[in-house]
Amino acid sequence: MEFLQIIDTDTQFNNIFIYLSIILFFLTFYLIRRKNKIEQEVNKKVEVLKKAFDISEESIFILSDKYKIIYANKTMKNLLNLNKKTTFDIMPKIKVKKEWESLDTFVSNITKSSKEKSFTFPRSKLRINNTKKEIPINLFINSSTDYNVVTIQNLTKEYEQKLNKYRHKLTLLPNKFQALMDLNAIYSKMHLGQTKLAVVMISIDNFSQLRAIIGYEQANVILVKFARYLETFVDKTSINAYHTCHNNYLLTILNEDSQKNILLLCQNIQKELGLFYKLDSIKLHLSASIGVSIYAQTGSSQQLLDNAYKALAESEKKGFGRLTIYETKKLNSKYTELELYNSVHEAIDKNEFIVYYQPIIDVKAKKIVAAEALIRWIHPEYGFIPPDVFIPILEKTGFIVDLGRYVLEEVFTQQKRWESFGFKEVQVAINMSLFEIETEGFVKNVEHKLKEHKLNPKLIKFEITEGAAMKSEKVVLKQLMALKSLGLSISLDDFGTGYTSFSYLKKFPADILKIDKSFIDHIIKNEEDQRIVKAMIELGHNLGMKIIVEGIETKEMVEMIASYGCDYMQGYFFSKPLPVFEFQELLRKR
Ligand code: C2E
Ligand code: CA
Ligand code: CA
């Protein structure tokens, strides 16, 4: 019985199993049929879509519900170079945000993470299979439960067109439109005080004449070569080069604290241009005029450009291969003494001081025989600050001593450079303030520097103003004697403005009297000034000194003062104080 029962349970079990199997069979059968039916329906839908997609100009993929590519239209195949392939073993990569992702992974993630059915990703990128070529695209995804349609709009042409609008056709450097856009962007930051900007305008001199001589094509070669050369300065953060039009180029320089570096860069560009074109047998003397506008923070970016244009025009007016810096006069009224006081401490380290040289002419020989070193402060915010403004501040803070040492070092180094370049000797006068002379170790430092640079002391002259010389007679005399014993010359500056007694003047170890400009300003009409100047020249000569008259601005002044027997002259008539390389040009011509 028990046994039977067991058999019974067993048969019962078997029966259940059989029923279940039958149900399962039918269920599977049903499901497979249903699936096939769905697939057929999907396929039908896809087939319909395919027909539409085949003639679409947009590149389209259909991905299955498992994100496998089941279809690519013709445009897509062309885009991906897949013409003969029907399988897609390599998934294209796309970049929507920062990372490159496989297309299937991206579509899968995006469709699973959202209930939305359609997605748009403008300005994305597509990378073609194994190549590194990136294509700018708009990406659209439409998903349904059964398949996903991925549409890719190729933006290459639009990008190229846009790019062309902002590039110079010949040299492909960014053009003036791009320059203006970039300048606007920079300018908006300048107001936040984070950015300093210098704009450098470069014009190849005499270009239309040159083109007439060497022909259009060769002239274009020059333009392209120059563009490639300027490109070598471009680094993404601080320098940009543009070809604005014809023979004009532009550099923008960001956050360069040292004006000296900017000037050096310009100078190099001028030099280089002169060197690297030798066209066939024609001897070309290529030169570039440059205008620089620096750190202007008033007005607009357009104004900054205008300033650079003005500077360039000024350069071109002076002749070829010149360089002019636009000095923003308006800015000077914006600073207070306190602000200057605060920024002077770092100014030397930041290279904001630059030595300019003003030629001194020998009246008889009509040649440059000497120069006066005059300091300039190019403040990163306020621009050009005249020495009359900052020297008193430096004197108050004691920084004049550091500045004096800086000027000395610069002038001594420059003298050695000229020597190594083979220039004829030119004596340089250095201004010294009473504070410097009174500082312990002043003469020692000069002596030490002379030795260090192995410099002939004859090449250096110190200028002390009559006012300073009077204030501290004993100390000054002692120090000047010491300087003289090192072989240096001394000049008594601004003579006539103090009230030096004749007896002091007799003791004073000056080689040169420098008659103050205030006697010269009205000399043409003012007979009293004429008599005074004549008398001062005679007095100086009687004391065995030579005479310099400064502030000579016109030809009439030259003639009148030369007739009084003056030895040397200095003034705007001959030249304003110049940055070293411009001054050098004058030296070359003498
Ligand atoms: P200074 O020593 O009397 O220098 C002559 C000044 O007259 C310079 O002014 C020069 O640019 C200017 N000048 C020259 N020719 C003419 C002309 O034809 N017309 C006119 N209107 N001006 C002319 P700058 O460079 O502004 O210097 C002003 C003063 O600053 C200098 O007067 C000097 O006392 C002082 N200075 C300049 N550099 C230094 C320096 O390195 N150390 C010291 N201690 N003082 C300096
Ligand atoms: Ca002087
Ligand atoms: Ca003077």
# chains A, B, ... in the order shown; residues from 1 in each chain; ligands from 1
>>> closest_atom_pairs(of="chain A", to="ligand 3", cutoff="12 Å", atoms="only C-alpha atoms and all ligand atoms", output="CSV")
residue,atom,partner,partner_atom_place_in_ligand_line,distance
A:Gln358,CA,ligand 3,1 (Ca),11.9
A:Glu372,CA,ligand 3,1 (Ca),9.9
A:Ala373,CA,ligand 3,1 (Ca),11.6
A:Leu374,CA,ligand 3,1 (Ca),10.6
A:Asp388,CA,ligand 3,1 (Ca),11.5
A:Ala429,CA,ligand 3,1 (Ca),11.2
A:Ile430,CA,ligand 3,1 (Ca),11.4
A:Asn431,CA,ligand 3,1 (Ca),9.1
A:Met432,CA,ligand 3,1 (Ca),11.5
A:Glu463,CA,ligand 3,1 (Ca),8.6
A:Ile464,CA,ligand 3,1 (Ca),9.0
A:Thr465,CA,ligand 3,1 (Ca),7.2
A:Glu466,CA,ligand 3,1 (Ca),9.4
A:Gly467,CA,ligand 3,1 (Ca),11.0
A:Ser491,CA,ligand 3,1 (Ca),10.1
A:Leu492,CA,ligand 3,1 (Ca),8.8
A:Asp493,CA,ligand 3,1 (Ca),5.0
A:Asp494,CA,ligand 3,1 (Ca),4.3
A:Phe495,CA,ligand 3,1 (Ca),7.7
A:Gly496,CA,ligand 3,1 (Ca),10.4
A:Thr497,CA,ligand 3,1 (Ca),9.9
A:Leu513,CA,ligand 3,1 (Ca),10.1
A:Lys514,CA,ligand 3,1 (Ca),6.8
A:Ile515,CA,ligand 3,1 (Ca),7.4
A:Asp516,CA,ligand 3,1 (Ca),5.6
A:Lys517,CA,ligand 3,1 (Ca),6.8
A:Ser518,CA,ligand 3,1 (Ca),9.4
A:Phe519,CA,ligand 3,1 (Ca),11.3
A:Ile520,CA,ligand 3,1 (Ca),11.6
A:Ile548,CA,ligand 3,1 (Ca),9.8
A:Val549,CA,ligand 3,1 (Ca),9.0
A:Glu550,CA,ligand 3,1 (Ca),6.9
A:Gly551,CA,ligand 3,1 (Ca),8.5
A:Ile552,CA,ligand 3,1 (Ca),11.8
A:Met569,CA,ligand 3,1 (Ca),11.9
A:Gln570,CA,ligand 3,1 (Ca),9.9
A:Gly571,CA,ligand 3,1 (Ca),10.6
>>> residues_around(residues="Ile70 (chain A)", least_positions_apart="3", cutoff="12 Å", atoms="only C-alpha atoms", output="VMD selection string")
chain A and resid 42 to 43 46 to 47 50 60 to 67 73 86 to 89 91 104 146 to 150
>>> atom_distance(atom1="CA of Glu337 (chain A)", atom2="CA of Lys260 (chain A)")
24.1 Å
>>> residues_around(residues="Phe226 (chain A)", least_positions_apart="5", cutoff="12 Å", atoms="only C-alpha atoms", output="NGL selection string")
:A and (170-173 or 202-204 or 219-221 or 231-233 or 241-243 or 247-250 or 269-270 or 272-277 or 286-288)
>>> select_by_dssp(residues="region 152-260 of chain A", states="strand (DSSP E or B)", output="PyMOL selection string")
chain A and resi 152-154+167+174+197-204+235+239-245+248-254
>>> residues_around(residues="region 94-101 of chain A", least_positions_apart="3", cutoff="10 Å", atoms="only C-alpha atoms", output="PyMOL selection string")
chain A and resi 91+104-107+121-128+134-139
>>> select_by_dssp(residues="region 207-330 of chain A", states="helix (DSSP H, G or I)", output="count of residues only")
60
